[in-house]
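Novice: I'm passing along entry_5.txt; it holds compact mmCIF, C-alpha atoms.
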```
# COMPACT_ATOMS: atom_id res chain seq x y z
CA MET I 1 143.64 129.21 76.95
CA PRO I 2 144.03 128.07 73.35
CA VAL I 3 141.07 126.16 71.97
CA LYS I 4 142.04 122.63 70.99
CA LYS I 5 140.73 121.50 67.65
CA VAL I 6 140.14 117.77 67.95
CA LYS I 7 138.70 115.69 65.18
CA VAL I 8 135.74 113.82 66.56
CA SER I 9 133.54 111.53 64.55
CA ILE I 10 129.95 112.73 64.62
CA VAL I 11 128.87 109.19 63.79
CA LYS I 12 130.62 107.80 66.87
CA LEU I 13 129.00 110.42 69.10
CA THR I 14 125.54 109.84 67.68
CA VAL I 15 125.78 106.08 67.82
CA SER I 16 126.99 105.91 71.41
CA LEU I 17 124.45 108.42 72.69
CA GLY I 18 121.70 106.71 70.70
CA LEU I 19 122.68 103.28 72.01
CA ILE I 20 122.63 104.45 75.61
CA ALA I 21 119.30 106.20 75.13
CA GLY I 22 117.86 103.12 73.46
CA CYS I 23 118.94 100.74 76.21
CA SER I 24 117.62 103.08 78.90
CA ALA I 25 114.30 103.39 77.10
CA ALA I 26 114.00 99.62 76.83
CA LEU I 27 114.71 99.16 80.54
CA MET I 28 112.23 101.85 81.51
CA ALA I 29 109.55 100.35 79.29
CA ARG I 30 110.09 96.98 80.94
CA VAL I 31 109.70 98.43 84.45
CA TYR I 32 106.69 100.50 83.36
CA VAL I 33 104.81 97.46 82.06
CA PHE I 34 105.79 95.55 85.16
CA THR I 35 104.44 98.19 87.58
CA GLN I 36 101.20 99.16 85.83
CA ALA I 37 99.17 96.48 87.57
CA PRO I 38 100.41 97.25 91.12
CA ILE I 39 99.89 100.99 90.56
CA ALA I 40 96.31 100.53 89.39
CA ALA I 41 95.70 98.15 92.27
CA ARG I 42 97.10 100.73 94.68
CA ALA I 43 94.79 103.45 93.40
CA LEU I 44 91.80 101.15 93.69
CA GLU I 45 92.90 100.06 97.17
CA ASN I 46 93.06 103.69 98.34
CA THR I 47 89.61 104.47 96.96
CA ASN I 48 88.20 101.33 98.54
CA LYS I 49 89.78 102.11 101.91
CA ALA I 50 88.11 105.53 101.88
CA LEU I 51 84.82 103.99 100.81
CA GLN I 52 85.00 101.48 103.69
CA ASP I 53 85.13 104.35 106.14
CA LEU I 54 82.40 106.35 104.45
CA LEU I 55 79.75 103.76 103.70
CA PRO I 56 77.73 101.36 105.85
CA GLU I 57 78.17 97.63 105.32
CA PHE I 58 77.93 96.71 101.68
CA ASP I 59 78.56 93.68 99.53
CA ASN I 60 79.04 95.13 96.05
CA GLN I 61 81.94 97.03 94.48
CA PRO I 62 81.08 100.73 94.81
CA ALA I 63 84.21 101.64 92.89
CA GLU I 64 82.65 99.97 89.89
CA GLU I 65 79.19 101.46 90.32
CA THR I 66 79.74 105.14 89.92
CA ILE I 67 77.58 107.95 88.61
CA ALA I 68 79.18 111.16 87.37
CA LEU I 69 77.16 114.30 88.13
CA GLN I 70 77.65 118.04 88.12
CA SER I 71 77.37 120.15 91.25
CA PRO I 72 75.34 123.38 91.27
CA LYS I 73 78.66 125.19 90.73
CA ASN I 74 79.36 122.93 87.73
CA VAL I 75 82.11 120.96 89.40
CA PRO I 76 82.16 117.25 88.52
CA ILE I 77 81.16 114.96 91.40
CA THR I 78 81.46 111.19 91.38
CA PHE I 79 78.88 109.22 93.33
CA TYR I 80 79.68 105.68 94.48
CA LEU I 81 76.70 103.40 95.16
CA ALA I 82 76.78 100.87 97.98
CA ARG I 83 74.40 97.96 98.03
CA LYS I 84 73.68 95.21 100.47
CA ASP I 85 71.52 92.32 99.26
CA ASP I 86 70.92 94.32 96.08
CA GLU I 87 69.37 97.21 97.97
CA LEU I 88 70.94 100.65 98.03
CA VAL I 89 72.22 101.31 101.56
CA GLY I 90 74.11 104.51 101.00
CA THR I 91 76.21 106.55 98.63
CA ALA I 92 79.56 108.22 98.79
CA ALA I 93 80.59 111.24 96.79
CA GLU I 94 83.94 112.66 95.79
CA ILE I 95 84.57 116.27 94.80
CA VAL I 96 87.73 118.26 94.09
CA THR I 97 87.47 121.86 95.22
CA GLY I 98 89.87 124.50 93.98
CA GLU I 99 89.03 126.86 96.83
CA GLY I 100 91.64 125.52 99.22
CA PHE I 101 94.26 127.84 100.63
CA SER I 102 97.07 126.31 98.60
CA GLY I 103 95.78 124.09 95.83
CA ASP I 104 93.01 121.57 95.33
CA ILE I 105 91.37 119.65 98.15
CA THR I 106 89.71 116.30 97.42
CA VAL I 107 86.78 115.80 99.78
CA MET I 108 84.79 112.57 100.07
CA ALA I 109 81.54 112.29 101.99
CA GLY I 110 79.25 109.41 102.79
CA LEU I 111 75.51 109.98 102.58
CA ASP I 112 72.63 107.84 103.77
CA CYS I 113 69.55 107.14 101.68
CA LYS I 114 67.85 110.27 102.98
CA GLY I 115 70.64 112.50 101.76
CA ARG I 116 72.14 113.20 105.15
CA ILE I 117 75.90 113.32 105.53
CA THR I 118 77.26 110.44 107.61
CA THR I 119 81.04 110.94 107.42
CA VAL I 120 83.45 113.36 105.78
CA LEU I 121 86.99 112.46 104.68
CA VAL I 122 89.61 114.64 103.06
CA THR I 123 91.68 112.36 100.86
CA ARG I 124 94.02 114.80 99.18
CA GLN I 125 95.22 118.24 100.21
CA THR I 126 98.29 120.47 100.33
CA GLU I 127 97.23 122.88 103.07
CA THR I 128 99.47 124.53 105.62
CA PRO I 129 100.70 121.99 108.14
CA GLY I 130 99.44 122.77 111.61
CA LEU I 131 96.71 125.12 110.41
CA GLY I 132 94.88 123.87 107.33
CA THR I 133 95.68 120.29 108.19
CA VAL I 134 93.82 120.60 111.50
CA VAL I 135 90.68 120.97 109.36
CA THR I 136 91.47 118.06 107.06
CA GLU I 137 93.43 115.46 109.03
CA ARG I 138 92.07 112.43 110.80
CA LYS I 139 95.07 111.04 112.61
CA ARG I 140 95.49 109.36 115.92
CA LYS I 141 98.64 110.82 117.37
CA LYS I 142 101.10 108.29 118.78
CA THR I 143 102.67 109.61 121.95
CA ILE I 144 105.16 107.96 124.26
CA LEU I 145 102.32 107.57 126.71
CA ASN I 146 100.29 105.33 124.43
CA PHE I 147 103.14 103.97 122.30
CA PHE I 148 102.63 100.37 123.38
CA ASP I 149 98.84 100.42 123.46
CA GLU I 150 96.74 98.67 120.84
CA PRO I 151 95.63 101.08 118.16
CA GLU I 152 91.97 102.05 118.56
CA THR I 153 89.60 101.02 115.83
CA GLY I 154 87.32 103.31 113.93
CA LEU I 155 87.89 106.63 112.27
CA PRO I 156 89.89 109.15 114.30
CA PRO I 157 87.74 112.15 115.21
CA ASN I 158 87.99 115.58 113.66
CA PRO I 159 85.61 118.17 115.17
CA VAL I 160 85.46 120.38 112.08
CA LEU I 161 84.54 117.48 109.78
CA ASP I 162 82.36 115.66 112.30
CA GLN I 163 80.14 118.70 112.86
CA LEU I 164 78.90 118.24 109.28
CA ASN I 165 77.41 114.83 110.06
CA GLY I 166 73.63 114.83 109.88
CA LEU I 167 73.35 117.90 107.66
CA SER I 168 71.70 117.57 104.30
CA GLY I 169 70.76 119.62 101.28
CA MET I 170 67.34 118.04 100.81
CA THR I 171 64.26 120.18 100.54
CA VAL I 172 61.86 117.25 100.30
CA ASP I 173 61.66 114.06 102.30
CA ALA I 174 63.35 111.36 100.24
CA VAL I 175 60.83 108.70 101.13
CA THR I 176 57.46 110.43 101.22
CA GLY I 177 58.18 113.34 98.91
CA ALA I 178 56.66 115.75 101.38
CA THR I 179 58.29 119.14 101.66
CA LEU I 180 60.54 119.31 104.71
CA THR I 181 60.02 121.97 107.33
CA GLN I 182 62.11 125.07 106.80
CA LYS I 183 65.80 124.54 107.46
CA PRO I 184 67.42 127.02 109.83
CA GLU I 185 69.09 129.63 107.68
CA GLY I 186 72.82 129.37 107.45
CA GLU I 187 73.00 125.70 108.35
CA TRP I 188 75.87 125.33 105.89
CA LYS I 189 77.76 128.50 106.77
CA LEU I 190 80.63 129.19 109.15
CA ARG I 191 79.93 131.22 112.24
CA LYS I 192 82.07 133.95 110.70
CA ASP I 193 79.80 134.08 107.69
CA GLY I 194 76.61 134.18 109.70
CA GLY I 195 75.97 130.47 110.09
CA GLY I 196 76.41 127.93 112.84
CA LEU I 197 79.48 125.94 111.87
CA ASP I 198 82.84 126.19 113.60
CA ALA I 199 86.05 126.84 111.73
CA VAL I 200 89.67 126.51 112.82
CA THR I 201 91.29 129.75 113.97
CA GLY I 202 93.85 130.78 111.39
CA ALA I 203 92.49 128.36 108.78
CA THR I 204 89.31 130.09 107.70
CA ILE I 205 89.86 129.61 104.00
CA THR I 206 90.50 125.88 104.37
CA SER I 207 87.50 125.47 106.67
CA ARG I 208 85.29 127.38 104.26
CA ALA I 209 86.52 125.32 101.30
CA VAL I 210 85.82 121.98 102.99
CA VAL I 211 82.38 123.05 104.25
CA ASP I 212 81.48 124.38 100.82
CA ALA I 213 82.66 121.16 99.15
CA VAL I 214 80.45 119.02 101.39
CA HIS I 215 77.59 121.46 100.84
CA GLN I 216 77.97 121.00 97.09
CA ILE I 217 77.82 117.23 97.59
CA ALA I 218 74.66 117.52 99.66
CA LEU I 219 73.01 119.84 97.13
CA THR I 220 73.91 117.58 94.23
CA PHE I 221 72.38 114.64 96.03
CA ALA I 222 69.24 116.68 96.65
CA ASN I 223 68.99 117.70 93.02
CA HIS I 224 69.48 114.17 91.70
CA HIS I 225 68.18 112.03 94.52
CA GLU I 226 65.51 110.38 92.41
CA GLU I 227 68.03 109.42 89.77
CA LEU I 228 70.42 108.06 92.39
CA MET I 229 67.79 106.11 94.32
CA GLU I 230 66.52 104.51 91.14
CA HIS I 231 69.83 102.82 90.33
CA MET L 1 142.20 104.28 99.22
CA SER L 2 140.82 101.04 100.48
CA LEU L 3 137.31 100.11 99.50
CA PHE L 4 136.03 100.71 102.99
CA LYS L 5 137.53 104.18 103.04
CA GLU L 6 135.69 104.99 99.81
CA PHE L 7 132.50 104.14 101.65
CA SER L 8 133.23 105.86 104.94
CA LYS L 9 134.38 109.13 103.44
CA GLY L 10 130.85 109.86 102.26
CA ILE L 11 129.34 109.53 105.73
CA LEU L 12 131.06 112.34 107.57
CA ARG L 13 134.37 113.52 106.16
CA GLU L 14 132.95 114.29 102.72
CA ASN L 15 129.26 114.27 103.55
CA PRO L 16 127.52 115.42 100.37
CA VAL L 17 125.18 117.86 102.10
CA LEU L 18 127.22 119.13 105.04
CA VAL L 19 130.68 119.27 103.47
CA LEU L 20 130.38 119.11 99.69
CA LEU L 21 127.24 121.28 99.77
CA LEU L 22 125.48 119.23 97.10
CA GLY L 23 121.78 118.37 96.89
CA MET L 24 120.61 121.33 98.96
CA CYS L 25 117.23 121.67 97.29
CA PRO L 26 115.70 118.34 98.31
CA THR L 27 117.45 118.58 101.67
CA LEU L 28 115.60 121.75 102.51
CA ALA L 29 112.33 120.77 100.90
CA VAL L 30 111.49 117.28 102.15
CA THR L 31 112.89 117.40 105.66
CA ASN L 32 109.68 118.62 107.36
CA ASN L 33 109.82 115.40 109.31
CA ALA L 34 112.25 112.56 109.78
CA ILE L 35 110.26 109.95 107.86
CA ASN L 36 110.05 112.02 104.67
CA GLY L 37 113.76 112.77 104.90
CA PHE L 38 114.55 109.10 105.31
CA GLY L 39 112.34 108.10 102.38
CA MET L 40 113.94 110.66 100.11
CA GLY L 41 117.41 109.57 101.20
CA VAL L 42 116.69 105.94 100.42
CA ALA L 43 115.30 106.81 96.97
CA THR L 44 118.39 108.89 96.20
CA LEU L 45 120.67 106.10 97.50
CA PHE L 46 119.09 103.67 95.09
CA VAL L 47 119.48 106.07 92.16
CA LEU L 48 123.10 106.80 93.16
CA ILE L 49 124.06 103.14 93.29
CA GLY L 50 122.35 102.41 89.97
CA SER L 51 123.78 105.37 88.08
CA ASN L 52 127.30 105.02 89.52
CA THR L 53 127.39 101.32 88.62
CA VAL L 54 126.16 101.76 85.06
CA ILE L 55 128.27 104.82 84.32
CA SER L 56 131.34 103.13 85.71
CA LEU L 57 130.63 100.03 83.61
CA ILE L 58 130.33 101.97 80.35
CA ARG L 59 132.84 104.69 81.16
CA LYS L 60 135.21 103.56 78.42
CA LEU L 61 132.45 103.58 75.82
CA ILE L 62 131.18 107.13 76.39
CA PRO L 63 132.90 109.73 74.20
CA LYS L 64 133.98 112.70 76.27
CA ARG L 65 131.99 115.16 74.21
CA VAL L 66 128.60 113.64 74.91
CA ARG L 67 129.35 112.44 78.41
CA ILE L 68 126.99 114.84 80.23
CA PRO L 69 123.95 113.94 78.09
CA CYS L 70 124.81 110.26 78.56
CA TYR L 71 125.01 110.63 82.33
CA ILE L 72 121.71 112.48 82.37
CA VAL L 73 120.00 109.79 80.27
CA VAL L 74 121.22 107.07 82.62
CA ILE L 75 120.33 109.01 85.76
CA ALA L 76 116.89 109.96 84.42
CA SER L 77 116.15 106.32 83.58
CA PHE L 78 117.01 105.20 87.08
CA VAL L 79 114.92 107.95 88.61
CA THR L 80 111.96 106.95 86.45
CA ILE L 81 112.38 103.36 87.59
CA VAL L 82 112.55 104.43 91.24
CA ASP L 83 109.47 106.62 90.75
CA LEU L 84 107.47 103.76 89.21
CA LEU L 85 108.58 101.28 91.88
CA MET L 86 107.70 103.70 94.68
CA GLN L 87 104.33 104.43 93.15
CA ALA L 88 103.62 100.72 93.02
CA TYR L 89 105.09 99.48 96.29
CA ALA L 90 105.79 102.31 98.73
CA PRO L 91 103.17 103.46 101.29
CA THR L 92 100.88 106.03 99.67
CA ALA L 93 101.48 108.58 102.40
CA LEU L 94 105.24 108.53 101.79
CA TYR L 95 104.90 108.68 98.01
CA GLU L 96 102.54 111.66 98.17
CA ALA L 97 104.72 113.45 100.71
CA LEU L 98 107.75 113.16 98.45
CA GLY L 99 105.62 114.06 95.44
CA ILE L 100 107.44 116.19 92.91
CA PHE L 101 110.81 115.65 94.57
CA ILE L 102 111.29 112.13 93.29
CA PRO L 103 111.54 113.22 89.63
CA LEU L 104 113.78 116.05 90.85
CA ILE L 105 116.40 113.53 91.98
CA VAL L 106 117.58 113.76 88.36
CA VAL L 107 118.92 117.26 88.94
CA ASN L 108 120.15 116.47 92.44
CA CYS L 109 123.74 117.59 92.13
CA ILE L 110 124.98 114.67 94.19
CA VAL L 111 124.05 112.15 91.50
CA LEU L 112 125.45 114.06 88.53
CA GLY L 113 128.42 115.26 90.56
CA ARG L 114 129.50 111.78 91.66
CA ALA L 115 128.96 110.43 88.15
CA GLU L 116 131.22 113.07 86.69
CA ALA L 117 133.81 113.31 89.43
CA PHE L 118 134.10 109.66 90.42
CA ALA L 119 132.20 107.00 88.49
CA SER L 120 133.55 108.11 85.13
CA LYS L 121 137.12 107.68 86.36
CA ASN L 122 137.05 104.70 88.69
CA SER L 123 136.31 101.00 88.68
CA VAL L 124 132.87 99.57 89.34
CA GLY L 125 133.76 98.33 92.80
CA ARG L 126 134.99 101.72 93.96
CA SER L 127 132.07 103.50 92.34
CA ILE L 128 129.57 101.32 94.18
CA MET L 129 131.30 101.96 97.49
CA ASP L 130 131.38 105.67 96.77
CA ALA L 131 127.67 105.65 95.92
CA LEU L 132 126.87 103.73 99.11
CA GLY L 133 128.89 106.12 101.20
CA MET L 134 127.46 109.27 99.64
CA GLY L 135 123.94 107.87 99.79
CA CYS L 136 124.26 106.93 103.45
CA GLY L 137 125.76 110.33 104.22
CA PHE L 138 122.82 111.94 102.45
CA ILE L 139 120.37 109.86 104.49
CA LEU L 140 122.20 110.80 107.67
CA ALA L 141 122.06 114.52 106.87
CA LEU L 142 118.39 114.36 105.89
CA VAL L 143 117.36 112.38 108.97
CA ILE L 144 119.25 114.72 111.30
CA LEU L 145 117.77 117.83 109.71
CA GLY L 146 114.32 116.27 109.39
CA GLY L 147 114.38 114.99 112.94
CA LEU L 148 115.42 118.39 114.30
CA ARG L 149 112.74 120.20 112.34
CA GLU L 150 110.07 117.71 113.31
CA PHE L 151 111.05 117.76 116.97
CA LEU L 152 111.25 121.53 117.26
CA SER L 153 108.05 122.25 115.38
CA ASN L 154 105.92 119.37 116.63
CA GLY L 155 107.59 117.67 119.56
CA SER L 156 107.54 114.36 117.70
CA LEU L 157 110.12 112.13 116.11
CA PHE L 158 109.35 109.64 113.32
CA ALA L 159 105.65 110.40 113.92
CA VAL L 160 105.81 109.43 117.59
CA GLN L 161 104.80 112.33 119.81
CA LEU L 162 107.54 112.62 122.43
CA ILE L 163 106.26 115.76 124.09
CA PRO L 164 102.46 115.63 124.07
CA ALA L 165 102.07 119.28 124.92
CA TRP L 166 103.92 120.55 121.84
CA LYS L 167 101.69 120.42 118.80
CA HIS L 168 102.62 122.64 115.89
CA ASP L 169 104.00 125.34 118.14
CA PHE L 170 107.31 126.40 116.62
CA LEU L 171 105.93 126.29 113.09
CA LEU L 172 108.83 128.29 111.70
CA MET L 173 110.93 125.14 111.85
CA ASN L 174 108.39 123.31 109.73
CA GLN L 175 108.59 125.82 106.88
CA ALA L 176 111.37 126.95 104.56
CA PRO L 177 112.97 129.70 106.70
CA GLY L 178 113.47 127.28 109.57
CA ALA L 179 115.06 124.78 107.21
CA PHE L 180 117.60 127.32 106.04
CA ILE L 181 118.40 128.43 109.58
CA LEU L 182 118.87 124.89 110.88
CA LEU L 183 120.94 123.86 107.87
CA GLY L 184 123.16 126.89 108.38
CA ILE L 185 123.66 125.92 112.02
CA LEU L 186 124.54 122.34 111.05
CA LEU L 187 127.05 123.56 108.47
CA ALA L 188 128.63 125.85 111.04
CA ILE L 189 128.97 122.96 113.50
CA MET L 190 130.50 120.75 110.78
CA ASN L 191 133.00 123.45 109.82
CA TYR L 192 133.93 124.07 113.44
CA ILE L 193 134.62 120.38 114.01
CA ASN L 194 136.73 120.12 110.85
CA ILE L 195 138.75 123.23 111.62
CA ARG L 196 139.43 122.06 115.18
CA LYS L 197 140.55 118.68 113.87
CA ALA L 198 142.91 120.33 111.39
CA HIS L 199 144.35 122.68 114.04
CA LYS L 200 145.01 119.76 116.37
CA LYS L 201 147.06 118.22 113.61
CA GLY L 202 148.90 121.50 113.33
CA GLU L 203 147.84 122.33 109.82
CA GLY L 204 145.32 124.64 108.25
CA TYR L 205 141.91 123.30 107.25
CA ARG L 206 141.75 122.18 103.64
CA PRO L 207 138.39 121.30 102.06
CA PRO L 208 138.27 117.87 100.40
CA ALA L 209 139.85 117.59 96.96
CA THR L 210 136.54 116.79 95.29
CA LEU L 211 135.24 120.21 96.22
CA ASP L 212 137.91 121.69 94.00
CA CYS L 213 136.38 122.98 90.77
CA ARG L 214 139.10 121.39 88.67
CA HIS L 215 137.83 117.94 89.57
CA CYS L 216 134.20 118.69 88.87
CA ASN L 217 134.15 119.58 85.18
CA ILE L 218 130.44 120.22 85.02
CA CYS L 219 130.92 123.92 84.23
CA LYS L 220 133.44 123.24 81.54
CA LEU L 221 131.01 121.70 79.12
CA GLY L 222 132.63 123.38 76.10
CA ASP L 223 136.02 121.69 76.56
CA ASP L 224 136.79 118.25 75.22
```
Can I see the file as structure tokens?

Specialist:
Amino acid sequence: MPVKKVKVSIVKLTVSLGLIAGCSAALMARVYVFTQAPIAARALENTNKALQDLLPEFDNQPAEETIALQSPKNVPITFYLARKDDELVGTAAEIVTGEGFSGDITVMAGLDCKGRITTVLVTRQTETPGLGTVVTERKRKKTILNFFDEPETGLPPNPVLDQLNGLSGMTVDAVTGATLTQKPEGEWKLRKDGGGLDAVTGATITSRAVVDAVHQIALTFANHHEELMEH
Amino acid sequence: MSLFKEFSKGILRENPVLVLLLGMCPTLAVTNNAINGFGMGVATLFVLIGSNTVISLIRKLIPKRVRIPCYIVVIASFVTIVDLLMQAYAPTALYEALGIFIPLIVVNCIVLGRAEAFASKNSVGRSIMDALGMGCGFILALVILGGLREFLSNGSLFAVQLIPAWKHDFLLMNQAPGAFILLGILLAIMNYINIRKAHKKGEGYRPPATLDCRHCNICKLGDD
């Protein structure tokens, strides 16, 4: 096929493409500015929703009272402080572990003033649906049998996460300072690894990652509990 | 073709996924369940309408030589706007499920294909109807595929468990291989229906004109 030689003005091409690009950029900038506030509010809302589930009743803004610490494995952990009547009633911690089966898992845990875990929530993960998600999900399944029922209140249960409630990484009593009696060895390990915790069959890596993440949170609290209680 | 026909052709007769074979990547990727498929379809519909309208409005102003970059700039702007709006106003679960696939709407062949094959050559009214039809056809295909995959792998539909005993049993349907298999089956069914219809009329089956490479022009970037 013969190549047609057509005279085209470079100026015309540049100007029209530039004009279109300019108008698009202006429109995008307008929408960007317009949506910044709702996006920030969304992010805060999600954090606050998680904190509501993790912490006992509080009357401050834990999202604004945070302490950034390092776990024993040098992973950054953010601690949120909850107060009621100006007294510390509990803390919540957030850690991102890279040991998930497919990508990072963001684990949040609530701790009481003695450093014991009260609740565990997985807020972000990309694990295998049906296997890894059994470890991380807290969902109340809607079936046709209960489709018209009122939704139950409270956090949906998850046996793998709930078994971590009550564990702590403290070696001394937070109140008296006395050394605690020896913890049973392997309290923070899966049964497979010689400990006492259950994992999900077929999702060992995910289970291990979540347990380890909460363990890191507990240990960090133990290492810094004086600093945290002081605030 | 009447305006209504422009709309209805995109639903079944020239369904972008099942007949024109466009936009396969997001179809396979986000149809793990019906809700994700529906969300993706709606986002793409919005982008389609926006880009078709704008490109049809300025079709006389775009020089032929830079038309593809122009289309891409317009489409990318609309996708960015949809992304920002979804981040701000859509439920977090849906936004995170669709994740990387919202920015990928830019390279969804349906959008660029309709811009090149239709919006650049037709009036605004027709282009909007075409976008609506193609978008709705896309939603239909995604919801059917997503619903099938969700039902087979989990026994649920739109997150309502229909068969309580099935919970993540036929996991193959949830992952990529199952998507390919089911899509292949749907395409086969679509082809069978079309061929039967053509035989009843006494003629051989002819794929829609827009499938013809001569109408597409995307490969022929070097020509004027």

Novice: So that I can check the surroundings of Ala131 (chain L), please list as a short mmCIF file (atom, residue, chain, number, x, y, z; two decimals) with C-alpha atoms, keeping the file's coordinate frame every protein, DNA and RNA residue that reaches within 10 Å of it, counting all atoms listed in the file and ignoring chain neighbours fewer than 3 positions away.

Specialist:
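So part-v3.cif came out as:
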```
data_model
loop_
_atom_site.label_atom_id
_atom_site.label_comp_id
_atom_site.auth_asym_id
_atom_site.auth_seq_id
_atom_site.Cartn_x
_atom_site.Cartn_y
_atom_site.Cartn_z
CA GLU L 6 135.69 104.99 99.81
CA PHE L 7 132.50 104.14 101.65
CA GLY L 10 130.85 109.86 102.26
CA THR L 44 118.39 108.89 96.20
CA LEU L 45 120.67 106.10 97.50
CA PHE L 46 119.09 103.67 95.09
CA VAL L 47 119.48 106.07 92.16
CA LEU L 48 123.10 106.80 93.16
CA ILE L 49 124.06 103.14 93.29
CA GLY L 50 122.35 102.41 89.97
CA SER L 51 123.78 105.37 88.08
CA ASN L 52 127.30 105.02 89.52
CA THR L 53 127.39 101.32 88.62
CA ILE L 110 124.98 114.67 94.19
CA VAL L 111 124.05 112.15 91.50
CA ARG L 114 129.50 111.78 91.66
CA ALA L 115 128.96 110.43 88.15
CA PHE L 118 134.10 109.66 90.42
CA ALA L 119 132.20 107.00 88.49
CA ARG L 126 134.99 101.72 93.96
CA SER L 127 132.07 103.50 92.34
CA ILE L 128 129.57 101.32 94.18
CA MET L 134 127.46 109.27 99.64
CA GLY L 135 123.94 107.87 99.79
CA CYS L 136 124.26 106.93 103.45
CA GLY L 137 125.76 110.33 104.22
#
```

Novice: So how far away is CA of Glu137 (chain I) from CA of Leu85 (chain L), in Å?

Specialist: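 Taking CA of Leu85 (chain L) as the start and CA of Glu137 (chain I) as the end point, the length is 26.9 Å.
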
Novice: So that I can check the surroundings of Lys5 (chain L), please list as JSON, numbers by chain every protein, DNA and RNA residue that reaches within 12 Å of it, counting only C-alpha atoms and ignoring chain neighbours fewer than 6 positions away.

Specialist: {"L": [11, 12, 13, 14, 126, 129, 130, 132, 133, 134]}

Novice: Rank I:Val120, I:Ala25, I:Val211, I:Leu55 by their smallest atom-to-atom distance to Arg83 (chain I), using only C-alpha atoms, and report the top residue only.

Specialist: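 Among I:Val120, I:Ala25, I:Val211, I:Leu55, it is I:Leu55 that comes nearest to Arg83 (chain I).
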
Novice: Return the neighbours of chain I among the residues of chain L, cut-off 9 Å, counting all atoms listed in the file, as number ranges by chain.

Specialist: L: 61-63, 65-67, 69-70, 73-74, 76-78, 80-81, 84-85, 87-89, 92, 154, 156, 159-164, 167-169, 171, 174-175, 223-224
